[in-house]
$ cat input32.cif   # mmCIF, C-alpha atoms
data_work
loop_
_atom_site.label_atom_id
_atom_site.label_comp_id
_atom_site.auth_asym_id
_atom_site.auth_seq_id
_atom_site.Cartn_x
_atom_site.Cartn_y
_atom_site.Cartn_z
CA MET A 237 19.43 -31.38 -40.61
CA ARG A 238 21.84 -28.54 -41.32
CA LYS A 239 20.16 -25.35 -42.53
CA THR A 240 21.73 -23.39 -45.40
CA ILE A 241 18.92 -21.56 -47.19
CA TYR A 242 17.30 -18.39 -45.93
CA THR A 243 14.88 -15.74 -47.03
CA HIS A 244 16.62 -12.40 -47.45
CA LYS A 245 15.15 -11.15 -44.16
CA ASP A 246 16.37 -14.23 -42.27
CA ALA A 247 19.79 -14.03 -43.94
CA VAL A 248 20.18 -10.45 -42.69
CA GLN A 249 19.32 -11.57 -39.18
CA PHE A 250 21.64 -14.58 -39.38
CA ILE A 251 24.61 -12.43 -40.40
CA LEU A 252 23.84 -9.83 -37.70
CA ASN A 253 23.80 -12.64 -35.13
CA ASN A 254 27.05 -14.15 -36.43
CA LYS A 255 29.17 -11.11 -37.27
CA GLU A 256 32.48 -12.65 -36.20
CA LYS A 257 31.97 -16.00 -37.90
CA PRO A 258 33.48 -16.64 -41.34
CA LEU A 259 30.62 -17.36 -43.76
CA MET A 260 30.40 -18.28 -47.44
CA VAL A 261 27.33 -16.76 -49.07
CA ALA A 262 25.59 -17.25 -52.43
CA GLY A 263 22.52 -15.74 -54.04
CA ASP A 264 21.13 -13.31 -56.56
CA GLU A 265 23.20 -10.11 -56.70
CA SER A 266 20.23 -7.97 -55.71
CA LEU A 267 19.98 -9.90 -52.44
CA LEU A 268 23.71 -10.05 -51.71
CA GLY A 269 23.99 -6.29 -52.14
CA GLU A 270 21.51 -5.78 -49.31
CA LEU A 271 23.19 -8.00 -46.72
CA PRO A 272 24.79 -6.43 -43.62
CA GLU A 273 28.49 -6.12 -42.88
CA GLY A 274 30.17 -9.26 -41.58
CA ASN A 275 32.99 -11.72 -42.09
CA TRP A 276 31.63 -13.16 -45.31
CA ILE A 277 32.33 -13.32 -49.00
CA GLY A 278 29.60 -14.02 -51.50
CA GLY A 279 29.06 -14.76 -55.14
CA SER A 280 26.14 -14.25 -57.48
CA ILE A 281 24.23 -17.40 -58.49
CA PRO A 282 20.57 -18.49 -58.48
CA TYR A 283 21.26 -22.26 -58.38
CA PHE A 284 21.91 -24.20 -55.18
CA MET A 285 22.28 -27.68 -53.74
CA THR A 286 20.39 -27.54 -50.48
CA GLU A 287 18.92 -29.59 -47.68
CA GLU A 288 15.80 -29.67 -49.90
CA GLY A 289 17.71 -30.80 -53.00
CA GLY A 290 18.63 -28.77 -56.07
CA ILE A 291 16.88 -25.37 -56.21
CA GLN A 292 16.84 -22.51 -58.69
CA SER A 293 15.66 -19.27 -57.10
CA ASP A 294 16.48 -15.56 -57.03
CA LYS A 295 14.56 -15.20 -53.77
CA ILE A 296 16.84 -17.13 -51.42
CA VAL A 297 20.28 -16.66 -49.93
CA GLN A 298 22.47 -19.63 -49.14
CA ILE A 299 24.75 -19.23 -46.14
CA LEU A 300 27.37 -21.85 -45.44
CA GLU A 301 28.38 -21.67 -41.82
CA LEU A 302 31.91 -23.02 -41.60
CA GLU A 303 33.13 -25.32 -38.83
CA ASP A 304 33.66 -23.71 -35.39
CA SER A 305 37.40 -24.43 -35.53
CA ILE A 306 37.75 -22.11 -38.56
CA ARG A 307 38.61 -18.53 -37.50
CA PHE A 308 38.33 -15.48 -39.74
CA LYS A 309 41.61 -13.72 -40.50
CA SER A 310 41.09 -11.34 -43.44
CA ILE A 311 39.43 -10.74 -46.77
CA GLU A 312 41.80 -9.85 -49.62
CA LYS A 313 41.13 -8.81 -53.22
CA TYR A 314 43.13 -10.11 -56.18
CA ASP A 315 43.09 -9.09 -59.82
CA ALA A 316 44.28 -11.02 -62.86
CA GLU A 317 47.91 -10.25 -62.02
CA SER A 318 48.00 -10.28 -58.22
CA ILE A 319 46.17 -13.63 -58.06
CA LYS A 320 49.50 -15.18 -59.08
CA GLY A 321 50.87 -14.19 -55.66
CA ILE A 322 47.95 -15.53 -53.61
CA ALA A 323 49.96 -18.23 -51.82
CA ALA A 324 52.13 -15.58 -50.14
CA ASP A 325 49.02 -14.61 -48.13
CA TYR A 326 48.10 -18.13 -47.04
CA PRO A 327 47.67 -18.33 -43.26
CA LYS A 328 49.71 -20.83 -41.28
CA ASN A 329 47.56 -23.89 -40.42
CA GLY A 330 44.61 -22.40 -42.21
CA VAL A 331 42.43 -22.48 -45.25
CA SER A 332 41.62 -19.86 -47.86
CA PHE A 333 38.15 -19.55 -49.38
CA ILE A 334 37.97 -18.00 -52.84
CA CYS A 335 35.19 -16.59 -54.99
CA ILE A 336 35.90 -15.34 -58.54
CA PRO A 337 33.43 -13.62 -60.89
CA GLY A 338 32.69 -15.92 -63.83
CA PHE A 339 34.16 -14.91 -67.21
CA SER A 340 36.26 -12.13 -65.63
CA LYS A 341 39.92 -11.59 -66.51
CA THR A 342 40.82 -12.91 -63.05
CA HIS A 343 38.87 -16.10 -63.76
CA VAL A 344 40.84 -16.66 -66.97
CA SER A 345 44.16 -15.76 -65.34
CA PHE A 346 43.61 -18.05 -62.38
CA GLY A 347 42.47 -20.90 -64.62
CA GLU A 348 45.50 -20.66 -66.86
CA ASN A 349 48.12 -20.09 -64.15
CA ALA A 350 46.94 -21.88 -61.00
CA LEU A 351 48.97 -25.06 -61.45
CA GLU A 352 52.15 -22.98 -61.66
CA ILE A 353 51.50 -20.44 -58.90
CA ASP A 354 54.34 -20.52 -56.37
CA GLY A 355 53.23 -22.36 -53.24
CA ILE A 356 49.64 -22.87 -54.46
CA PHE A 357 49.43 -26.32 -52.83
CA ASN A 358 50.99 -25.28 -49.52
CA SER A 359 47.61 -24.69 -47.84
CA PRO A 360 44.05 -25.55 -48.94
CA LEU A 361 42.50 -23.11 -51.42
CA VAL A 362 38.83 -23.86 -51.97
CA GLY A 363 35.93 -22.04 -53.53
CA TRP A 364 33.96 -21.28 -56.61
CA VAL A 365 33.35 -19.18 -59.69
CA SER A 366 30.19 -17.09 -59.46
CA GLY A 367 27.60 -16.93 -62.22
CA PHE A 368 24.10 -15.87 -63.17
CA ASP A 369 20.72 -17.08 -64.38
CA LEU A 370 21.44 -18.62 -67.77
CA ASN A 371 18.07 -17.39 -69.07
CA LYS A 372 18.73 -13.76 -68.12
CA GLU A 373 20.15 -11.88 -71.08
CA GLY A 374 23.08 -9.56 -70.36
CA ALA A 375 23.55 -10.81 -66.80
CA LYS A 376 27.04 -10.60 -65.29
CA ALA A 377 28.67 -12.58 -62.53
CA SER A 378 29.94 -10.74 -59.47
CA VAL A 379 31.34 -11.22 -55.98
CA PHE A 380 30.67 -9.38 -52.69
CA ASP A 381 33.00 -8.47 -49.85
CA GLY A 382 31.08 -8.70 -46.56
CA ASN A 383 33.61 -6.47 -44.75
CA THR A 384 33.13 -3.51 -47.08
CA ARG A 385 29.81 -4.55 -48.70
CA GLN A 386 31.40 -3.80 -52.08
CA GLN A 387 30.50 -5.63 -55.27
CA SER A 388 33.17 -6.56 -57.82
CA PHE A 389 32.84 -7.84 -61.37
CA ASP A 390 36.51 -8.43 -62.03
CA GLN A 391 38.37 -9.16 -58.80
CA ALA A 392 38.61 -12.41 -56.88
CA LEU A 393 37.85 -12.28 -53.17
CA VAL A 394 39.67 -14.55 -50.79
CA MET A 395 38.72 -15.06 -47.17
CA HIS A 396 41.85 -16.29 -45.40
CA CYS A 397 41.09 -18.23 -42.21
CA GLU A 398 43.09 -19.86 -39.47
CA ILE A 399 42.26 -23.21 -37.94
CA GLU A 400 42.24 -23.83 -34.23
CA GLU A 401 45.19 -25.83 -32.90
CA GLY A 402 44.37 -29.53 -32.84
CA TYR A 403 42.49 -29.46 -36.15
CA TYR A 404 43.45 -29.47 -39.81
CA PRO A 405 41.55 -28.92 -43.07
CA ARG A 406 41.00 -31.62 -45.68
CA LEU A 407 40.07 -30.60 -49.20
CA GLU A 408 38.66 -33.21 -51.57
CA ILE A 409 36.71 -33.60 -54.79
CA VAL A 410 33.95 -35.90 -55.97
CA ASN A 411 34.13 -36.69 -59.65
CA PRO A 412 32.07 -39.63 -60.84
CA PHE A 413 33.46 -39.39 -64.39
CA GLU A 414 36.04 -41.92 -65.54
CA ALA A 415 38.39 -41.90 -68.50
CA LEU A 416 37.51 -43.98 -71.53
CA GLU A 417 40.54 -46.04 -72.60
CA GLY A 418 41.60 -44.91 -76.05
CA ASP A 419 43.29 -41.96 -77.71
CA ARG A 420 45.72 -39.79 -75.72
CA ILE A 421 45.19 -36.09 -76.36
CA GLU A 422 47.68 -33.32 -75.57
CA PHE A 423 47.72 -29.58 -76.26
CA LYS A 424 50.52 -27.24 -77.23
CA GLU A 425 49.41 -24.40 -74.97
CA THR A 426 47.57 -23.92 -71.69
CA SER A 427 44.36 -22.24 -72.81
CA PHE A 428 40.57 -22.00 -72.60
CA GLU A 429 40.48 -22.16 -76.42
CA VAL A 430 42.43 -24.29 -78.90
CA GLU A 431 42.49 -25.12 -82.59
CA ASP A 432 45.10 -27.89 -82.67
CA ALA A 433 45.84 -30.91 -80.53
CA ILE A 434 48.31 -33.79 -80.52
CA VAL A 435 46.51 -37.13 -80.57
CA ASN A 436 48.66 -40.19 -79.96
CA GLY A 437 51.68 -38.08 -80.91
CA LYS A 438 50.19 -36.79 -84.18
CA GLU A 439 49.10 -33.17 -84.70
CA VAL A 440 45.42 -32.75 -85.65
CA VAL A 441 42.83 -30.01 -86.10
CA PHE A 442 40.98 -30.63 -82.88
CA ALA A 443 37.46 -29.70 -84.11
CA ASP A 444 37.82 -32.08 -87.07
CA TYR A 445 39.15 -34.80 -84.80
CA LEU A 446 36.20 -34.35 -82.41
CA LYS A 447 33.77 -34.63 -85.34
CA SER A 448 35.45 -37.81 -86.58
CA GLN A 449 35.15 -39.33 -83.10
CA GLY A 450 31.47 -38.39 -82.69
CA TYR A 451 32.33 -36.59 -79.45
CA GLN A 452 29.59 -35.83 -76.92
CA GLU A 453 29.61 -32.22 -75.72
CA LYS A 454 28.16 -33.13 -72.31
CA LEU A 455 31.06 -35.44 -71.48
CA PRO A 456 34.32 -33.88 -70.27
CA ILE A 457 37.79 -34.83 -71.32
CA ILE A 458 39.76 -36.12 -68.34
CA ALA A 459 43.33 -35.88 -67.12
CA ASN A 460 44.75 -38.20 -64.50
CA TYR A 461 46.52 -36.21 -61.79
CA ASN A 462 48.21 -39.17 -60.09
CA GLY A 463 44.93 -40.88 -59.29
CA SER A 464 42.58 -37.88 -59.16
CA ASN A 465 40.55 -37.30 -62.30
CA VAL A 466 40.46 -33.67 -63.43
CA ASN A 467 37.76 -32.76 -65.97
CA VAL A 468 37.79 -30.14 -68.69
CA CYS A 469 34.37 -29.45 -70.25
CA PHE A 470 33.51 -28.31 -73.73
CA GLN A 471 31.94 -24.87 -73.98
CA ALA A 472 31.63 -24.76 -77.77
CA VAL A 473 33.02 -26.42 -80.86
CA ASP A 474 32.96 -24.27 -84.00
CA PHE A 475 33.48 -26.56 -86.98
CA GLU A 476 33.85 -23.57 -89.34
CA SER A 477 36.47 -21.52 -87.50
CA LYS A 478 37.93 -24.73 -85.98
CA LYS A 479 37.96 -23.11 -82.55
CA VAL A 480 37.21 -25.34 -79.57
CA SER A 481 36.53 -23.59 -76.26
CA PHE A 482 36.39 -25.03 -72.76
CA TYR A 483 35.04 -24.00 -69.34
CA ALA A 484 38.50 -24.56 -67.83
CA PRO A 485 41.83 -24.50 -69.60
CA VAL A 486 43.51 -27.54 -71.05
CA VAL A 487 47.07 -27.64 -69.73
CA LYS A 488 50.13 -27.87 -71.94
CA GLY A 489 51.84 -31.24 -71.60
CA VAL A 490 48.99 -32.89 -69.66
CA GLU A 491 47.45 -35.96 -71.28
CA TYR A 492 43.64 -36.10 -71.69
CA GLN A 493 41.18 -38.82 -72.66
CA PHE A 494 37.49 -38.85 -73.43
CA SER A 495 35.20 -39.88 -70.56
CA LYS A 496 32.70 -42.71 -70.22
CA PRO A 497 28.98 -41.85 -70.26
CA LEU A 498 27.67 -41.74 -66.70
CA GLY A 499 24.10 -42.93 -66.84
CA ASP A 500 22.35 -41.58 -63.77
CA TYR A 501 24.44 -38.77 -62.22
CA GLU A 502 22.57 -38.77 -58.90
CA SER A 503 23.38 -42.46 -58.26
CA ALA A 504 26.94 -42.17 -59.62
CA PHE A 505 27.60 -39.14 -57.40
CA ARG A 506 26.24 -40.86 -54.30
CA ARG A 507 28.41 -43.93 -54.99
CA GLU A 508 31.50 -41.77 -55.39
CA MET A 509 30.92 -39.42 -52.44
CA LYS A 510 30.76 -42.26 -49.88
CA ASP A 511 28.40 -40.10 -47.84
CA SER A 512 29.28 -40.21 -44.15
CA GLY A 513 26.18 -38.21 -43.33
CA ASN A 514 28.33 -35.36 -42.03
CA SER A 515 27.70 -32.24 -44.07
CA PRO A 516 31.03 -30.57 -44.94
CA GLY A 517 31.23 -26.90 -43.94
CA PHE A 518 31.83 -25.88 -47.51
CA SER A 519 30.97 -27.64 -50.73
CA CYS A 520 29.93 -26.67 -54.23
CA ASN A 521 28.98 -28.41 -57.45
CA CYS A 522 29.06 -27.55 -61.13
CA ILE A 523 26.29 -25.92 -63.15
CA LEU A 524 26.91 -28.51 -65.89
CA ASN A 525 26.16 -31.36 -63.49
CA TYR A 526 23.02 -29.47 -62.41
CA LEU A 527 21.84 -28.96 -65.99
CA TYR A 528 22.98 -32.15 -67.72
CA SER A 529 21.81 -34.37 -64.88
CA ASN A 530 18.70 -32.35 -64.15
CA LEU A 531 19.48 -32.00 -60.44
CA GLU A 532 16.58 -29.64 -59.68
CA GLY A 533 14.67 -31.24 -56.81
CA LYS A 534 17.22 -34.03 -56.55
CA SER A 535 19.58 -34.60 -53.65
CA THR A 536 23.35 -34.91 -53.61
CA GLY A 537 23.36 -36.27 -50.05
CA SER A 538 24.73 -34.01 -47.35
CA PHE A 539 26.67 -31.77 -49.75
CA TYR A 540 25.12 -28.30 -49.65
CA GLY A 541 26.44 -25.27 -51.48
CA PRO A 542 26.25 -23.13 -54.58
CA ILE A 543 25.98 -24.51 -58.08
CA THR A 544 28.86 -22.85 -59.82
CA PHE A 545 30.43 -21.72 -63.07
CA GLY A 546 33.68 -23.39 -61.96
CA GLU A 547 34.88 -25.17 -58.85
CA ILE A 548 38.18 -24.50 -57.17
CA ALA A 549 40.24 -27.05 -55.28
CA TYR A 550 43.70 -25.47 -55.57
CA VAL A 551 43.09 -25.21 -59.34
CA LEU A 552 40.05 -24.51 -61.51
CA LEU A 553 37.89 -27.60 -62.06
CA ASN A 554 34.82 -28.49 -64.12
CA GLN A 555 31.87 -30.82 -63.62
CA THR A 556 33.16 -31.74 -60.18
CA ALA A 557 31.95 -31.36 -56.60
CA VAL A 558 34.45 -29.87 -54.18
CA TYR A 559 34.28 -30.00 -50.39
CA LEU A 560 36.27 -28.99 -47.38
CA GLU A 561 36.01 -30.58 -43.97
CA VAL A 562 37.92 -30.05 -40.76
CA MET A 563 39.52 -33.06 -39.13
CA LYS A 564 40.76 -33.54 -35.58
CA LYS A 565 44.47 -34.28 -35.28
CA ASN A 566 45.26 -37.71 -33.79
CA MET B 46 59.03 -36.69 -40.43
CA VAL B 47 59.78 -34.69 -43.57
CA PRO B 48 63.11 -35.67 -45.19
CA PRO B 49 65.54 -32.70 -45.27
CA LYS B 50 65.59 -30.37 -48.26
CA ASP B 51 68.81 -31.89 -49.63
CA SER B 52 67.67 -35.52 -49.33
CA PRO B 53 68.06 -37.38 -52.67
CA LYS B 54 64.60 -38.86 -51.98
CA TRP B 55 62.96 -35.73 -53.37
CA ARG B 56 64.74 -35.91 -56.73
CA VAL B 57 63.93 -39.61 -57.08
CA LEU B 58 60.30 -38.95 -56.18
CA VAL B 59 59.63 -36.10 -58.61
CA GLU B 60 61.12 -38.09 -61.49
CA LYS B 61 58.61 -40.91 -61.02
CA ASN B 62 55.82 -41.11 -63.61
CA GLU B 63 53.20 -42.25 -61.13
CA VAL B 64 53.02 -41.91 -57.39
CA PRO B 65 50.51 -43.80 -55.20
CA PHE B 66 49.55 -40.86 -52.99
CA GLN B 67 46.20 -40.58 -51.21
CA ASN B 68 45.65 -36.86 -50.86
CA LEU B 69 44.32 -34.56 -53.56
CA ALA B 70 46.86 -31.87 -52.69
CA THR B 71 49.81 -34.26 -53.00
CA ARG B 72 48.53 -35.68 -56.27
CA MET B 73 48.11 -32.21 -57.77
CA MET B 74 51.43 -30.94 -56.47
CA PHE B 75 53.20 -33.92 -58.05
CA LYS B 76 51.40 -33.31 -61.32
CA ARG B 77 52.94 -29.85 -61.31
CA CYS B 78 56.39 -31.33 -60.65
CA GLN B 79 55.92 -33.93 -63.38
CA MET B 80 54.90 -31.23 -65.88
CA LEU B 81 57.91 -29.11 -64.96
CA ILE B 82 60.21 -32.03 -65.75
CA LYS B 83 58.29 -33.27 -68.80
CA LEU B 84 58.30 -29.85 -70.48
CA ASN B 85 62.01 -29.35 -69.80
CA PRO B 86 63.54 -32.73 -70.68
CA GLY B 87 67.04 -33.34 -69.35
CA ASN B 88 67.09 -30.02 -67.45
CA ARG B 89 68.73 -30.74 -64.05
CA GLU B 90 67.75 -27.31 -62.70
CA LYS B 91 64.07 -28.08 -63.25
CA ILE B 92 64.45 -31.39 -61.42
CA GLU B 93 66.01 -29.50 -58.50
CA GLU B 94 63.18 -26.95 -58.65
CA ALA B 95 60.58 -29.74 -58.59
CA ALA B 96 62.36 -31.38 -55.64
CA LEU B 97 62.23 -28.07 -53.74
CA ILE B 98 58.51 -27.65 -54.50
CA ALA B 99 57.86 -31.16 -53.11
CA HIS B 100 59.91 -30.50 -49.96
CA GLU B 101 58.21 -27.17 -49.30
CA PHE B 102 54.80 -28.75 -49.87
CA PHE B 103 55.32 -31.54 -47.34
CA THR B 104 56.84 -29.15 -44.81
CA SER B 105 53.78 -26.87 -45.07
CA ASN B 106 51.16 -29.64 -45.05
CA LYS B 107 52.48 -32.13 -42.48
CA ASP B 108 49.08 -32.91 -40.93
CA LEU B 109 47.05 -32.87 -44.12
CA VAL B 110 49.34 -35.30 -45.96
CA LYS B 111 50.47 -37.50 -43.08
CA THR B 112 49.59 -40.74 -44.89
CA ASP B 113 51.58 -39.64 -47.95
CA LEU B 114 54.56 -38.74 -45.78
CA GLU B 115 54.43 -42.24 -44.32
CA LEU B 116 54.60 -43.63 -47.86
CA ILE B 117 57.72 -41.56 -48.51
CA ALA B 118 59.28 -42.75 -45.25
CA ARG B 119 58.62 -46.34 -46.32
CA GLY B 120 60.26 -45.62 -49.69
CA LEU B 121 56.84 -45.77 -51.48
#
$ encode --input "input32.cif" --output "structure tokens"
Amino acid sequence: MRKTIYTHKDAVQFILNNKEKPLMVAGDESLLGELPEGNWIGGSIPYFMTEEGGIQSDKIVQILELEDSIRFKSIEKYDAESIKGIAADYPKNGVSFICIPGFSKTHVSFGENALEIDGIFNSPLVGWVSGFDLNKEGAKASVFDGNTRQQSFDQALVMHCEIEEGYYPRLEIVNPFEALEGDRIEFKETSFEVEDAIVNGKEVVFADYLKSQGYQEKLPIIANYNGSNVNVCFQAVDFESKKVSFYAPVVKGVEYQFSKPLGDYESAFRREMKDSGNSPGFSCNCILNYLYSNLEGKSTGSFYGPITFGEIAYVLLNQTAVYLEVMKKN
Amino acid sequence: MVPPKDSPKWRVLVEKNEVPFQNLATRMMFKRCQMLIKLNPGNREKIEEAALIAHEFFTSNKDLVKTDLELIARGL
């Protein structure tokens, strides 16, 4: 079985032994700050999907060793403005791994602009939004650059990699949620927070509409991107101020629907992932799936990686598992 | 084989409401094209822009979206 979790001492040794290899790292910020220089980027988080199932711990480091055909090229930093030019740095026949500090300006900017970034889909962009222990008051999400060993609370880090000739990357998502046939919801702006919506062509106060529909906060609204379901999850609904906030932005002009209740997430996920038994080099899953489906101690098959405050497969996603695997060209 | 940039196929493709593509990247890229056209109704320049985005995408991702390229070659 593939190993991804390490004590801090073993993580240090692993990185020292694999200095040239591109690595994706996750763990408590106190541990990440004490890791040696190497070709890695990391994000703060104490929740993981591992070979031992879901784990919450601030004592372990998760290291995802990427496929041998993936070669490190560079680590670049992007702020809320420069992230809009990220595709200009994409390597040819490569893949770019991203880690953004949760709730930072760059997180918001990327979420709101990703779909419209020039060339965003021209090469796989995969990664996650870092976070913190939800029970730790005042905690902040951060990211770490393994080349410089610097911590950042507001910049995204991207590890651009090339892929050996004869191979290509395949980026996919696993989303067991399905749309519930019914009202069609649209929004006038792309935003993490709204007050109004257009339901079946009629303008409504969204909070009031949600109340009238008996909405369930744990179920995302879903957009159909030509056959791929993209979730947006509720963060809070304030019935007094009428403000509705989300963990990813709703997109202007895109049509959303409520989603069907899932039942047992673990079984639904396993059905959807069609587990081949091969563990993808990189994968991650959402904190909301971890919490709402009580994934601690439970397995999501051979998908190992951080539990995140947002998943990235080209654009910012919610309540979705993302994975990248390398395929051999025919 | 990616149709050339000036092929009318691209304009026809981006104006479709639904496309039966297999790959996540293709599906998302077309969503972007569809939004560009939906939010600018009747704007020929935006249709041209969407067609260029689609061409550039397939040129950059030939291996990743091979099955989707085959669909285009077969006229969907």
$ resolve_selection --input "input32.cif" --expression "the PyMOL selection byres ((chain B) within 12 of (chain A))" --output "PyMOL selection string"
chain B and resi 59+61-86+94-95+97-111
$ atom_distance --input "input32.cif" --atom1 "CA of Leu302 (chain A)" --atom2 "CA of Tyr242 (chain A)"
15.9 Å
$ atom_distance --input "input32.cif" --atom1 "CA of Glu317 (chain A)" --atom2 "CA of Phe346 (chain A)"
8.9 Å
$ resolve_selection --input "input32.cif" --expression "the PyMOL selection byres ((chain A and resi 458) around 7)" --output "PyMOL selection string"
chain A and resi 415+456-457+459-460+465-468+492-495
$ resolve_selection --input "input32.cif" --expression "the PyMOL selection byres ((chain A and resi 556) around 12)" --output "JSON, numbers by chain"
{"A": [364, 408, 409, 410, 411, 412, 413, 414, 456, 458, 464, 465, 466, 467, 468, 469, 484, 501, 505, 508, 509, 519, 520, 521, 522, 523, 524, 525, 526, 543, 544, 545, 546, 547, 548, 549, 551, 552, 553, 554, 555, 557, 558, 559]}
$ residues_near_point --input "input32.cif" --point "(35.3, -16.3, -52.6)" --cutoff "9 Å" --atoms "only C-alpha atoms" --output "CSV table (one decimal) with C-alpha atoms, keeping the file's coordinate frame"
chain,number,residue,atom,x,y,z
A,260,MET,CA,30.4,-18.3,-47.4
A,261,VAL,CA,27.3,-16.8,-49.1
A,276,TRP,CA,31.6,-13.2,-45.3
A,277,ILE,CA,32.3,-13.3,-49.0
A,278,GLY,CA,29.6,-14.0,-51.5
A,279,GLY,CA,29.1,-14.8,-55.1
A,332,SER,CA,41.6,-19.9,-47.9
A,333,PHE,CA,38.2,-19.6,-49.4
A,334,ILE,CA,38.0,-18.0,-52.8
A,335,CYS,CA,35.2,-16.6,-55.0
A,336,ILE,CA,35.9,-15.3,-58.5
A,337,PRO,CA,33.4,-13.6,-60.9
A,362,VAL,CA,38.8,-23.9,-52.0
A,363,GLY,CA,35.9,-22.0,-53.5
A,364,TRP,CA,34.0,-21.3,-56.6
A,365,VAL,CA,33.4,-19.2,-59.7
A,366,SER,CA,30.2,-17.1,-59.5
A,379,VAL,CA,31.3,-11.2,-56.0
A,380,PHE,CA,30.7,-9.4,-52.7
A,381,ASP,CA,33.0,-8.5,-49.8
A,392,ALA,CA,38.6,-12.4,-56.9
A,393,LEU,CA,37.8,-12.3,-53.2
A,394,VAL,CA,39.7,-14.6,-50.8
A,395,MET,CA,38.7,-15.1,-47.2
$ atom_distance --input "input32.cif" --atom1 "CA of Asp294 (chain A)" --atom2 "CA of Gly533 (chain A)"
15.8 Å
$ closest_residue --input "input32.cif" --among "A:Val430, A:Ala504, A:Ile421, A:Ile306" --to "Glu491 (chain A)" --atoms "only C-alpha atoms"
A:Ile421
$ residues_around --input "input32.cif" --residues "region 439-446 of chain A" --least-positions-apart "3" --cutoff "8 Å" --atoms "only C-alpha atoms" --output "list in words"
Val430, Glu431, Asp432, Ala433, Ile434, Val435, Gln449, Gly450, Tyr451, Val473, Asp474, Phe475, Lys478, Lys479 and Val480 of chain A
$ axis_aligned_box --input "input32.cif" --around "region 452-461 of chain A" --padding-each-side "8 Å" --output "lines of an AutoDock Vina configuration file"
center_x = 37.3
center_y = -35.2
center_z = -69.4
size_x = 34.4
size_y = 22.0
size_z = 31.1
$ residues_around --input "input32.cif" --residues "region 396-398 of chain A" --least-positions-apart "2" --cutoff "6 Å" --atoms "all atoms listed in the file" --output "PyMOL selection string"
chain A and resi 306-310+330-332
